[in-house]
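In what follows, a single structure is set out as structure tokens and then discussed.
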Amino acid sequence: MTAQLYCGRFRLSLERPLVMGVVNVTPDSFSDGGRFLEPAAAIAHAHRLIEEGADLIDLGAESSRPGAVALVTAEEELRRLLPVLRGLRDAPVPLSVDTIKPEVMRAALAEGATMINDINALRAPGAVAAVAAADAAVCLMHMQGTPGTMQQHPSYADVVAEVKAFLLERVRAARDAGIALERIAIDPGFGFGKTLEHNLELLRHLREFEVLGVPVLAGWSRKSSLGQITGRPAGERLAASVAAALIAAQNGARILRVHDVAATREALAVLAAVENT
Ligand code: HH2
């Protein structure tokens, strides 16, 4: 696997798992919608997550929760994102933007974003070129269907093999366009067109994704599968989220996308202490 992730001017070591702190600049995200819609609130929250030890910040301006219908235009996404990107321009960590739209990618990269997190794996026409033209990192995520309908009938013959084949194809498409392997991360997309059993199967076999040669990002934070296991609503899934993040790290994940940075960092410190003895 690559030793570092290149995000613009940043070089992140992949020797230990990185923590990506989530800031959703949306009215409707499933766990923090409406809390950080005001630019000042989003900027303050990002600073707090950096203080707690976030290695990257992921800014999202369109919810992809199950059942979400994409009603957010590129203009609206940028109206939400740009003031936050400007306010965080001097942040000491890379700023990732969670978007599927090439025009949002281009504008965000011009405004200082150094990573694109695309739940659609750069499948929109022009998306690969938008990232290739910059020196930013990219996360390519697997999703079956679209957020509006993805949880209706998720179906696979072999979920691990199918997700892996998809990600291999997307890594190749990115590389063919000139995006170096050091700029790429992959993500099996927990909860995106997957049942609880599919998510667990992917988590059990996460290490198999290492053969693709790029770091694996895992996003379990507060997700409904954790609600299915614990019976807890989204606001009460901290313990379950930390447990899932830790299992992902033990199974090879190099980037953990989480809302609760401090708690995840503490859990990772315990794992590091065990592994270093
Ligand atoms: N999950 C969400 C959004 N973006 N990106 C990647 N790479 N991996 C994920 O698992 C992932 C993601 C959903 O979580 P959240 O941002 O909290 O909610 P919403 O989509 O409702 O804004």
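Identifiers in this document derive from the order of the structure tokens: chains are assigned A, B, ..., residues are numbered from 1 separately in each chain, and ligands are numbered from 1 in order of occurrence.
Taking the backbone of this structure through DSSP, the residues of region 68-131 of chain A that come out as strand (DSSP E) are Leu95, Ser96, Val97, Asp98, Met115, Ile116, Asn117 and Asp118 of chain A.
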Export N, CA and C atoms of the chosen residues as an mmCIF file, in the first residue's frame?
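New file again05.cif:
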data_model
loop_
_atom_site.group_PDB
_atom_site.id
_atom_site.type_symbol
_atom_site.label_atom_id
_atom_site.label_comp_id
_atom_site.auth_asym_id
_atom_site.auth_seq_id
_atom_site.Cartn_x
_atom_site.Cartn_y
_atom_site.Cartn_z
ATOM 1 N N LEU A 95 -8.649 19.890 3.958
ATOM 2 C CA LEU A 95 -10.102 20.029 3.919
ATOM 3 C C LEU A 95 -10.617 19.184 2.760
ATOM 4 N N SER A 96 -11.480 18.228 3.099
ATOM 5 C CA SER A 96 -12.096 17.371 2.101
ATOM 6 C C SER A 96 -13.512 17.879 1.856
ATOM 7 N N VAL A 97 -13.978 17.758 0.619
ATOM 8 C CA VAL A 97 -15.363 18.148 0.329
ATOM 9 C C VAL A 97 -16.107 16.925 -0.203
ATOM 10 N N ASP A 98 -17.227 16.631 0.455
ATOM 11 C CA ASP A 98 -18.050 15.465 0.162
ATOM 12 C C ASP A 98 -19.080 15.881 -0.871
ATOM 13 N N MET A 115 -9.001 17.642 -0.875
ATOM 14 C CA MET A 115 -9.475 16.271 -1.067
ATOM 15 C C MET A 115 -10.927 16.331 -1.517
ATOM 16 N N ILE A 116 -11.301 15.423 -2.409
ATOM 17 C CA ILE A 116 -12.704 15.263 -2.798
ATOM 18 C C ILE A 116 -13.150 13.888 -2.314
ATOM 19 N N ASN A 117 -14.247 13.868 -1.585
ATOM 20 C CA ASN A 117 -14.828 12.622 -1.096
ATOM 21 C C ASN A 117 -16.109 12.391 -1.886
ATOM 22 N N ASP A 118 -16.050 11.427 -2.821
ATOM 23 C CA ASP A 118 -17.177 11.257 -3.740
ATOM 24 C C ASP A 118 -17.867 9.916 -3.504
#
List as an MDAnalysis selection string the protein and nucleic acid residues lying within 8 Å of ligand 1, with only C-alpha atoms and all ligand atoms counted. chainID A and resid 22:24 26 28:33 60:66 68 98 117:119 139:141 186:192 217:223 257:259
Determine which residues of region 113-253 of chain A DSSP labels as helix (DSSP H, G or I) from the backbone of this structure, then write them out as a VMD selection string. chain A and resid 127 to 132 159 to 176 181 to 183 196 to 204 206 to 212 224 to 230 234 to 236 238 to 250
Nearest residue to Val211 (chain A) out of A:Ile100, A:Leu168, A:Leu81, A:Ala269, using only C-alpha atoms?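 Comparing A:Ile100, A:Leu168, A:Leu81, A:Ala269 against Val211 (chain A), the winner is A:Leu168.
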Shell of 8 Å around Val84 (chain A), only C-alpha atoms, local chain residues under 2 positions omitted, as a tab-separated table (two decimals) with all heavy atoms, in the first residue's frame:
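So the final result, stored in selection-v4.tsv, reads:
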chain	number	residue	atom	x	y	z
A	39	PRO	N	-22.33	29.34	8.51
A	39	PRO	CA	-20.87	29.19	8.31
A	39	PRO	C	-20.08	29.29	9.62
A	39	PRO	O	-19.16	28.49	9.84
A	39	PRO	CB	-20.53	30.35	7.37
A	39	PRO	CG	-21.80	30.64	6.64
A	39	PRO	CD	-22.93	30.31	7.57
A	40	ALA	N	-20.44	30.24	10.49
A	40	ALA	CA	-19.65	30.40	11.72
A	40	ALA	C	-19.72	29.15	12.58
A	40	ALA	O	-18.72	28.75	13.20
A	40	ALA	CB	-20.16	31.62	12.50
A	42	ALA	N	-20.23	26.06	11.51
A	42	ALA	CA	-19.46	24.99	10.84
A	42	ALA	C	-17.96	25.20	11.05
A	42	ALA	O	-17.22	24.26	11.33
A	42	ALA	CB	-19.79	24.97	9.34
A	43	ILE	N	-17.53	26.46	10.92
A	43	ILE	CA	-16.09	26.76	11.08
A	43	ILE	C	-15.65	26.45	12.52
A	43	ILE	O	-14.62	25.81	12.76
A	43	ILE	CB	-15.82	28.23	10.71
A	43	ILE	CG1	-16.03	28.43	9.20
A	43	ILE	CG2	-14.41	28.66	11.12
A	43	ILE	CD1	-16.15	29.88	8.75
A	80	ARG	N	-23.47	27.02	0.49
A	80	ARG	CA	-23.21	26.51	1.84
A	80	ARG	C	-21.72	26.33	2.09
A	80	ARG	O	-21.21	26.61	3.18
A	80	ARG	CB	-23.93	25.17	2.03
A	80	ARG	CG	-25.44	25.26	1.97
A	80	ARG	CD	-26.06	23.86	2.04
A	80	ARG	NE	-27.50	23.90	1.85
A	80	ARG	CZ	-28.27	22.84	1.76
A	80	ARG	NH1	-27.73	21.62	1.84
A	80	ARG	NH2	-29.57	22.94	1.59
A	81	LEU	N	-21.02	25.81	1.07
A	81	LEU	CA	-19.62	25.38	1.28
A	81	LEU	C	-18.59	26.51	1.24
A	81	LEU	O	-17.66	26.53	2.06
A	81	LEU	CB	-19.21	24.40	0.17
A	81	LEU	CG	-19.63	22.96	0.28
A	81	LEU	CD1	-19.30	22.24	-1.03
A	81	LEU	CD2	-18.92	22.28	1.45
A	82	LEU	N	-18.74	27.42	0.29
A	82	LEU	CA	-17.64	28.36	0.04
A	82	LEU	C	-17.28	29.23	1.24
A	82	LEU	O	-16.09	29.39	1.55
A	82	LEU	CB	-17.91	29.20	-1.22
A	82	LEU	CG	-17.90	28.39	-2.53
A	82	LEU	CD1	-18.10	29.31	-3.74
A	82	LEU	CD2	-16.62	27.59	-2.70
A	86	ARG	N	-13.59	29.21	2.88
A	86	ARG	CA	-12.81	30.46	3.04
A	86	ARG	C	-12.41	30.64	4.49
A	86	ARG	O	-11.27	30.99	4.80
A	86	ARG	CB	-13.63	31.65	2.55
A	86	ARG	CG	-13.66	31.71	1.05
A	86	ARG	CD	-14.42	32.91	0.50
A	86	ARG	NE	-14.68	32.66	-0.91
A	86	ARG	CZ	-15.88	32.71	-1.50
A	86	ARG	NH1	-16.95	33.08	-0.83
A	86	ARG	NH2	-16.01	32.41	-2.78
A	87	GLY	N	-13.34	30.38	5.39
A	87	GLY	CA	-13.06	30.57	6.81
A	87	GLY	C	-12.02	29.60	7.35
A	87	GLY	O	-11.38	29.87	8.37
A	88	LEU	N	-11.86	28.47	6.67
A	88	LEU	CA	-10.91	27.44	7.14
A	88	LEU	C	-9.64	27.39	6.30
A	88	LEU	O	-8.84	26.46	6.41
A	88	LEU	CB	-11.59	26.07	7.13
A	88	LEU	CG	-12.71	25.86	8.16
A	88	LEU	CD1	-13.45	24.55	7.88
A	88	LEU	CD2	-12.15	25.86	9.58
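Distances here use only C-alpha atoms; by that measure, the residue among A:Leu196, A:Leu226, A:Cys7, A:Val171 closest to Ser155 (chain A) is A:Leu196.
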Determine, counting only C-alpha atoms, which protein, DNA and RNA residues have an atom within 10 Å of an atom of Gln250 (chain A); residues of the same chain fewer than 3 positions away are not included. Present the result as JSON, numbers by chain. {"A": [17, 206, 207, 244, 245, 246, 247, 253, 254, 268, 271, 275]}
Separation of CA of Asn199 (chain A) from CA of Gly227 (chain A), in Å and rounded to one decimal: 12.9 Å
Write out as a ChimeraX atom specification each polymer residue whose atoms come within 12 Å of Ala173 (chain A), counting only C-alpha atoms; drop sequence neighbours fewer than 2 positions from it. /A:121-123,127-129,131-132,140,166-171,175-181,184
Can you pull out every residue within 8 Å of Leu212 (chain A), counting only C-alpha atoms, but drop anything in the same chain fewer than 2 positions away, and send it as a ChimeraX atom specification? /A:1,168,209-210,214
C-alpha atoms of the current selection, written as a PDB file, in the first residue's frame:
ATOM      1  CA  MET A   1       0.000   0.000   0.000  1.00  0.00           C
ATOM      2  CA  LEU A 168     -10.707  -1.732  -8.692  1.00  0.00           C
ATOM      3  CA  PHE A 209      -9.373  -4.484   0.134  1.00  0.00           C
ATOM      4  CA  GLU A 210      -5.685  -3.824   0.837  1.00  0.00           C
ATOM      5  CA  VAL A 214      -4.476   2.276  -1.685  1.00  0.00           C
TER       6      VAL A 214
END
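Among A:Ser224, A:Asn276, A:Gln4, A:Thr146, the residue with the shortest atom-to-atom distance to Ile255 (chain A), counting only C-alpha atoms, is A:Gln4.
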Expressed in Å to a single decimal, how great is the separation between CA of Ala133 (chain A) and CA of Thr73 (chain A)?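 About the pair CA of Ala133 (chain A) and CA of Thr73 (chain A): they are 22.8 Å apart.
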CA of Glu52 (chain A) to CA of Leu14 (chain A), straight-line distance in Å: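 These atoms are spaced 19.0 Å apart.
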